[in-house]
Amino acid sequence: MFNELIGTLLLTARDVIPIAVILFGFQLGVLKRPVNQWRRVLLGFVYVIIGLTFFLVGLQLALFPIGESMANQLTTSEFLHPNGSKAPFIWQDYFWVYVFAAAIGFSTTIAEPSLIAVAIKANQVSAGTIGIQGLRISVAFGVAIGITLGCFRIVVGDPIHYYIMAGYVIVVIQTFYAPKMIIPLAYDSGGVTTSTVTVPLVAALALGLPPTLKAVIHSLTALV
Amino acid sequence: MSAIAKLMQAMLASFKDLIPIILVVSFFEIFVLHQAPAELGSILIGLVFIVLGLTFFVFGLEMGLFPIGESLAEALARKGSVFWLVIFSFSLGFGTTLAEPALTAVANEAAQVAANARAIEANEQAMSTYAMGLRITVAISVGLAILLGVVRILKGWPIHYLIIGGYIIVMILTSFAPANIIGIAYDSGGVTTSTITVPLVTALGVGLASVIKGRNPMLDGFGLIAFASLSPMIFVLIYGMVFLN
C-alpha cells in the first residue's frame with residue numbers, strides 16, 4: 001500500500017508540473033513580478049497533490065474493487081434469471097443494473113473533487129444565491145439519469161447519436177427559457193463530472209456512455 | 001477558530017460527501033447480492049484515505065489553485081495585453097491536456113481500436129504515432145477552446161450561440177465521420193478536463209470577468225469548461241475523417 005501511495009504521488013506530481021511551469025513561467029517571465037504570498041500558494045499546490053494522491057489510492061482500495069465485482073455480479077445470467085430459465089434477456093431483466101447505475105452515478109458525483117471546486121466558485125460569485133450543495137445535488141441527479149439512460153441504450157442496442165441529438169435539442173430549447181445567469185454554469189457542469197471517480201466505475205459497468213449525454217442531462221437538471 | 005477545529009470541520013464535511021457511496025454499496029451488498037464485502041479492512045482504510053484526500057484537496061484549492069488562477073487573470077487583464085492573454089490561455093489548455101493521464105489512456109485504446117479495424121497498421125510504431133497524433137489533436141483543440149472562451153469573455157459574446165453552433169458542427173461531422181471514431185470522439189470531450197485543470201480554468205474565467213468592466217462574473221466567467229469539452233469532439237471527428245478514411 002505504501003508503494004502504491006508513493007507511485008500515485010509521483011504520477012500526480014508529474015501531472016501537476018507542466019501546469020505549475022506554465023503558471024509560474026507567466027508570473028515571472030511575462031508579468032515579471034513575484035507571486036503574492038508564494039509560500040502559501042506553493043503549499044496549496046502541495047496540498048492538492050497530497051489530497052489527490054490519498055483520494056485516488058482510497059478509491060482504489062475502497063470503491064473500485066467492490067464496484068467492479070458488483071457490476072459483474074449484477075450482469076451474470078444467474079442473477080438476471082434466478083429461476084434458471086433459458087429465455088433470452090429482455091431489457092426489464094436488467095432492473096437492478098439501472099438502479100445500481102443511478103445510485104452509483106449519484107453518489108460518486110457528490111464526491112467529485114472538480115465539481116466541488118466549481119460549486120465553491122459559483123457560490124462565491126453568485127454571492128450565495130447558488131448553493132454549493134444544491135448545485136452538487138442537481139448535477140448528481142443529472143448524472144444518475146444520464147448513466148441509467150446509457151445503460152438502457154446499451155442493453156437495447158440503439159445507436160448513440162439519436163440520444164445525443166435528442167439531448168442537444170432539449171438543451172437548446174431549455175437555453176431559451178432558462179434564467180440567463182445559470183446558462184454558462186449549466187454548460188460547464190457537463191465537463192466537470194466525468195473524471196476521477198465516476199469514469200472507472202462506469203467503465204466497470206461496461207457502459208461507454210459519452211460525457212456529452214451526461215452534460216446534456218446535467219444542464220437539464222441544473223436548469224429546472 | 002483554531003486550526004485543529006477547522007481541520008476537523010473540513011474532514012467532517014468530506015466524510016458527509018462519502019455517505020451516499022457507503023449507503024449505496026451497503027444496500028447492494030446486503031439486500032440485492034446478499035453477501036459481505038471481501039476485505040472489509042482495506043475498504044475501511046480506503047474510506048479514511050478518501051476523506052483525507054478530499055480535505056487536503058479543498059484546502060489546497062483555496063490556498064493555491066484559486067488564488068494563483070485569479071491573480072494571473074487579473075494581472076494579465078490589467079496589463080492590457082490581449083496578445084499575452086491569448087498566449088496564456090492557449091498554453092494553459094494545451095499544456096494541461098497533453099499531460100492528462102486519462103487522455104493518454106483513451107488515445108492508446110483508440111489506437112488499438114483503429115488497428116483492429118485495419119484502419120492503421122497493427123504494429124507498435126503505427127499505433128504510437130496514431131495515439132500521439134490524437135493526443136496532440138485534442139490538446140490543440142482544448143488550447144483553442146480556452147482561447148476562444150477567453151476572447152468571448154473579452155468581447156462579451158453570449159455563450160449559447162457558440163455552444164449551439166458547436167453542437168450543430170458535431171452532428172454534421174458525426175454523419176460523415178468513420179463509425180469507429182465516433183465513440184472515441186464523444187468520449188474525448190470528457191477526459192480533457194482534469195481535477196486540476198477545472199479549478200484553474202474556472203478561476204481564470206471568473207477572474208477575467210471580474211476585472212473587465214461591464215462583464216458579469218456569473219454570466220461571462222463560466223463557460224470555459226464547456227468549450228474545452230466540446231472542441232475535442234469536433235477535432236477528433238475531423239482527425240478520424242482525415243486519417244481513417
# chains A, B, ... in the order shown; residues from 1 in each chain; ligands from 1
call {"tool": "interface_residues", "arguments": {"of": "chain B", "to": "chain A", "cutoff": "6 Å", "atoms": "only C-alpha atoms", "output": "list in words"}}
result
Asp17, Pro20, Ile21, Ser42, Ile43, Gly46, Leu47, Phe49, Ile50, Gly53, Leu54, Phe56, Phe57, Gly60, Met63, Gly64, Thr96, Ala99, Tyr186, Asp187, Gly190, Thr195, Pro199, Leu219, Phe222, Gly223, Ile225, Ala226 and Ser229 of chain B
call {"tool": "residues_around", "arguments": {"residues": "B:Gly93", "least_positions_apart": "4", "cutoff": "12 Å", "atoms": "only C-alpha atoms", "output": "ChimeraX atom specification"}}
result
/A:18-19,22-23 /B:86-89,97-100,136,138-150,192-194,196-198,200-201,204,224-225,227-229,231-232
call {"tool": "write_last_selection", "arguments": {"atoms": "C-alpha atoms", "output": "mmCIF file, in the first residue's frame"}}
result
data_model
loop_
_atom_site.group_PDB
_atom_site.id
_atom_site.type_symbol
_atom_site.label_atom_id
_atom_site.label_comp_id
_atom_site.auth_asym_id
_atom_site.auth_seq_id
_atom_site.Cartn_x
_atom_site.Cartn_y
_atom_site.Cartn_z
ATOM 1 C CA PRO A 18 3.524 21.224 -16.569
ATOM 2 C CA ILE A 19 0.675 23.284 -15.144
ATOM 3 C CA ILE A 22 3.058 27.479 -17.221
ATOM 4 C CA LEU A 23 1.640 29.396 -14.257
ATOM 5 C CA VAL B 86 -4.223 34.717 -25.739
ATOM 6 C CA ILE B 87 -0.838 33.000 -25.455
ATOM 7 C CA PHE B 88 -1.516 32.218 -21.810
ATOM 8 C CA SER B 89 -4.948 30.724 -22.382
ATOM 9 C CA THR B 97 -4.359 18.464 -21.744
ATOM 10 C CA LEU B 98 -1.205 16.936 -23.175
ATOM 11 C CA ALA B 99 -0.228 15.882 -19.648
ATOM 12 C CA GLU B 100 -3.655 14.457 -18.847
ATOM 13 C CA ILE B 136 -1.816 16.458 -29.868
ATOM 14 C CA VAL B 138 -7.068 17.024 -28.536
ATOM 15 C CA ALA B 139 -4.510 19.254 -26.777
ATOM 16 C CA ILE B 140 -4.574 21.804 -29.618
ATOM 17 C CA SER B 141 -8.352 21.744 -29.635
ATOM 18 C CA VAL B 142 -8.520 22.400 -25.880
ATOM 19 C CA GLY B 143 -5.962 25.206 -26.242
ATOM 20 C CA LEU B 144 -8.080 26.793 -28.959
ATOM 21 C CA ALA B 145 -11.225 26.258 -26.910
ATOM 22 C CA ILE B 146 -9.851 28.093 -23.866
ATOM 23 C CA LEU B 147 -8.559 30.802 -26.192
ATOM 24 C CA LEU B 148 -11.982 31.179 -27.815
ATOM 25 C CA GLY B 149 -13.595 31.188 -24.375
ATOM 26 C CA VAL B 150 -11.282 33.967 -23.203
ATOM 27 C CA THR B 192 -9.695 16.542 -21.056
ATOM 28 C CA THR B 193 -10.817 18.448 -18.026
ATOM 29 C CA SER B 194 -8.979 17.004 -15.069
ATOM 30 C CA ILE B 196 -6.508 20.248 -11.526
ATOM 31 C CA THR B 197 -7.491 21.918 -14.797
ATOM 32 C CA VAL B 198 -11.080 22.596 -13.773
ATOM 33 C CA LEU B 200 -7.654 26.736 -12.583
ATOM 34 C CA VAL B 201 -9.695 27.380 -15.684
ATOM 35 C CA LEU B 204 -9.189 32.208 -14.844
ATOM 36 C CA LEU B 224 -14.604 27.847 -20.437
ATOM 37 C CA ILE B 225 -15.004 24.201 -19.404
ATOM 38 C CA PHE B 227 -15.778 24.936 -24.674
ATOM 39 C CA ALA B 228 -12.988 22.629 -23.548
ATOM 40 C CA SER B 229 -15.380 19.669 -23.520
ATOM 41 C CA SER B 231 -13.993 21.272 -29.105
ATOM 42 C CA PRO B 232 -12.136 17.927 -28.745
#
call {"tool": "atom_distance", "arguments": {"atom1": "atom CA of B:Gly183", "atom2": "atom CA of B:Ile163"}}
result
20.0 Å
call {"tool": "atom_distance", "arguments": {"atom1": "atom CA of A:Ile132", "atom2": "atom CA of A:Ala119"}}
result
5.0 Å
call {"tool": "atom_distance", "arguments": {"atom1": "atom CA of A:Ile170", "atom2": "atom CA of B:Phe176"}}
result
23.4 Å
call {"tool": "select_by_dssp", "arguments": {"residues": "stretch 65-223 of chain B", "states": "alpha helix (DSSP H)", "output": "number ranges by chain"}}
result
B: 66-79, 82-98, 101-116, 124-155, 159-176, 179-191, 197-211
call {"tool": "residues_around", "arguments": {"residues": "B:Lys213", "least_positions_apart": "3", "cutoff": "12 Å", "atoms": "only C-alpha atoms", "output": "list in words"}}
result
Ala77, Arg78, Ile153, Leu154, Lys155, Gly156, Gly207, Leu208, Ala209, Ser210, Asn216, Pro217 and Asp220 of chain B
call {"tool": "write_last_selection", "arguments": {"atoms": "N, CA and C atoms", "output": "PDB file, in the first residue's frame"}}
result
ATOM      1  N   ALA B  77      -5.076  40.851 -17.351  1.00  0.00           N
ATOM      2  CA  ALA B  77      -6.103  41.766 -17.841  1.00  0.00           C
ATOM      3  C   ALA B  77      -5.691  43.219 -17.596  1.00  0.00           C
ATOM      4  N   ARG B  78      -5.080  43.482 -16.432  1.00  0.00           N
ATOM      5  CA  ARG B  78      -4.659  44.846 -16.112  1.00  0.00           C
ATOM      6  C   ARG B  78      -3.505  45.301 -17.003  1.00  0.00           C
ATOM      7  N   ILE B 153     -15.095  36.122 -23.360  1.00  0.00           N
ATOM      8  CA  ILE B 153     -15.228  36.923 -22.148  1.00  0.00           C
ATOM      9  C   ILE B 153     -14.837  38.379 -22.434  1.00  0.00           C
ATOM     10  N   LEU B 154     -13.736  38.563 -23.201  1.00  0.00           N
ATOM     11  CA  LEU B 154     -13.285  39.919 -23.520  1.00  0.00           C
ATOM     12  C   LEU B 154     -14.351  40.675 -24.303  1.00  0.00           C
ATOM     13  N   LYS B 155     -14.974  39.980 -25.263  1.00  0.00           N
ATOM     14  CA  LYS B 155     -15.931  40.638 -26.148  1.00  0.00           C
ATOM     15  C   LYS B 155     -17.337  40.644 -25.567  1.00  0.00           C
ATOM     16  N   GLY B 156     -17.604  39.768 -24.584  1.00  0.00           N
ATOM     17  CA  GLY B 156     -18.940  39.687 -24.015  1.00  0.00           C
ATOM     18  C   GLY B 156     -19.969  39.020 -24.908  1.00  0.00           C
ATOM     19  N   GLY B 207     -11.965  35.282 -12.790  1.00  0.00           N
ATOM     20  CA  GLY B 207     -11.047  36.389 -12.529  1.00  0.00           C
ATOM     21  C   GLY B 207     -11.112  37.431 -13.637  1.00  0.00           C
ATOM     22  N   LEU B 208     -11.078  36.962 -14.879  1.00  0.00           N
ATOM     23  CA  LEU B 208     -11.141  37.886 -16.023  1.00  0.00           C
ATOM     24  C   LEU B 208     -12.435  38.670 -16.018  1.00  0.00           C
ATOM     25  N   ALA B 209     -13.549  37.937 -15.846  1.00  0.00           N
ATOM     26  CA  ALA B 209     -14.854  38.591 -15.916  1.00  0.00           C
ATOM     27  C   ALA B 209     -15.033  39.586 -14.780  1.00  0.00           C
ATOM     28  N   SER B 210     -14.343  39.370 -13.641  1.00  0.00           N
ATOM     29  CA  SER B 210     -14.493  40.336 -12.547  1.00  0.00           C
ATOM     30  C   SER B 210     -13.684  41.602 -12.781  1.00  0.00           C
ATOM     31  N   ASN B 216     -20.082  40.464 -16.253  1.00  0.00           N
ATOM     32  CA  ASN B 216     -20.635  39.885 -15.037  1.00  0.00           C
ATOM     33  C   ASN B 216     -19.985  38.518 -14.832  1.00  0.00           C
ATOM     34  N   PRO B 217     -19.324  38.307 -13.673  1.00  0.00           N
ATOM     35  CA  PRO B 217     -18.616  37.032 -13.486  1.00  0.00           C
ATOM     36  C   PRO B 217     -19.530  35.811 -13.622  1.00  0.00           C
ATOM     37  N   ASP B 220     -20.447  35.822 -17.590  1.00  0.00           N
ATOM     38  CA  ASP B 220     -19.345  35.714 -18.541  1.00  0.00           C
ATOM     39  C   ASP B 220     -18.198  34.853 -18.028  1.00  0.00           C
TER      40      ASP B 220
END
call {"tool": "residues_around", "arguments": {"residues": "B:Met11", "least_positions_apart": "6", "cutoff": "7 Å", "atoms": "only C-alpha atoms", "output": "PyMOL selection string"}}
result
chain B and resi 51-52+55
call {"tool": "write_last_selection", "arguments": {"atoms": "C-alpha atoms", "output": "compact mmCIF listing (two decimals), in the first residue's frame"}}
result
# COMPACT_ATOMS: atom_id res chain seq x y z
CA VAL B 51 -11.80 11.60 3.43
CA LEU B 52 -8.20 12.76 3.98
CA THR B 55 -9.95 17.50 2.83
call {"tool": "residues_around", "arguments": {"residues": "A:Thr148", "least_positions_apart": "2", "cutoff": "9 Å", "atoms": "only C-alpha atoms", "output": "JSON, numbers by chain"}}
result
{"A": [97, 98, 99, 100, 101, 102, 105, 143, 144, 145, 146, 150, 151, 152, 153]}
call {"tool": "closest_residue", "arguments": {"among": "B:Ala126, B:Ile4, B:Ala73, B:Ala102", "to": "B:Val206", "atoms": "only C-alpha atoms"}}
result
B:Ala73
call {"tool": "residues_around", "arguments": {"residues": "B:Ile234", "least_positions_apart": "5", "cutoff": "9 Å", "atoms": "only C-alpha atoms", "output": "list of chain:residue names"}}
result
B:Ser141, B:Gly166, B:Ile169, B:Val170, B:Leu173, B:Thr174, B:Ala185, B:Tyr186, B:Tyr239
call {"tool": "write_last_selection", "arguments": {"atoms": "N, CA and C atoms", "output": "PDB file, in the first residue's frame"}}
result
ATOM      1  N   SER B 141      -6.952  21.336 -29.641  1.00  0.00           N
ATOM      2  CA  SER B 141      -8.352  21.744 -29.635  1.00  0.00           C
ATOM      3  C   SER B 141      -8.745  22.354 -28.290  1.00  0.00           C
ATOM      4  N   GLY B 166     -21.555  24.796 -31.961  1.00  0.00           N
ATOM      5  CA  GLY B 166     -20.670  23.646 -31.794  1.00  0.00           C
ATOM      6  C   GLY B 166     -21.423  22.337 -31.881  1.00  0.00           C
ATOM      7  N   ILE B 169     -22.159  21.556 -35.450  1.00  0.00           N
ATOM      8  CA  ILE B 169     -20.976  21.044 -36.146  1.00  0.00           C
ATOM      9  C   ILE B 169     -20.728  19.579 -35.783  1.00  0.00           C
ATOM     10  N   VAL B 170     -20.872  19.247 -34.479  1.00  0.00           N
ATOM     11  CA  VAL B 170     -20.673  17.853 -34.056  1.00  0.00           C
ATOM     12  C   VAL B 170     -21.642  16.934 -34.790  1.00  0.00           C
ATOM     13  N   LEU B 173     -20.614  16.574 -38.488  1.00  0.00           N
ATOM     14  CA  LEU B 173     -19.407  15.757 -38.629  1.00  0.00           C
ATOM     15  C   LEU B 173     -19.700  14.286 -38.338  1.00  0.00           C
ATOM     16  N   THR B 174     -20.585  14.035 -37.339  1.00  0.00           N
ATOM     17  CA  THR B 174     -20.906  12.658 -36.977  1.00  0.00           C
ATOM     18  C   THR B 174     -21.423  11.880 -38.180  1.00  0.00           C
ATOM     19  N   ALA B 185     -14.459   9.990 -30.151  1.00  0.00           N
ATOM     20  CA  ALA B 185     -14.581  11.447 -30.244  1.00  0.00           C
ATOM     21  C   ALA B 185     -15.492  11.971 -29.141  1.00  0.00           C
ATOM     22  N   TYR B 186     -16.642  11.336 -28.944  1.00  0.00           N
ATOM     23  CA  TYR B 186     -17.570  11.785 -27.899  1.00  0.00           C
ATOM     24  C   TYR B 186     -16.918  11.674 -26.522  1.00  0.00           C
ATOM     25  N   TYR B 239     -10.117  14.483 -37.214  1.00  0.00           N
ATOM     26  CA  TYR B 239      -8.915  13.635 -37.235  1.00  0.00           C
ATOM     27  C   TYR B 239      -9.255  12.262 -37.819  1.00  0.00           C
TER      28      TYR B 239
END
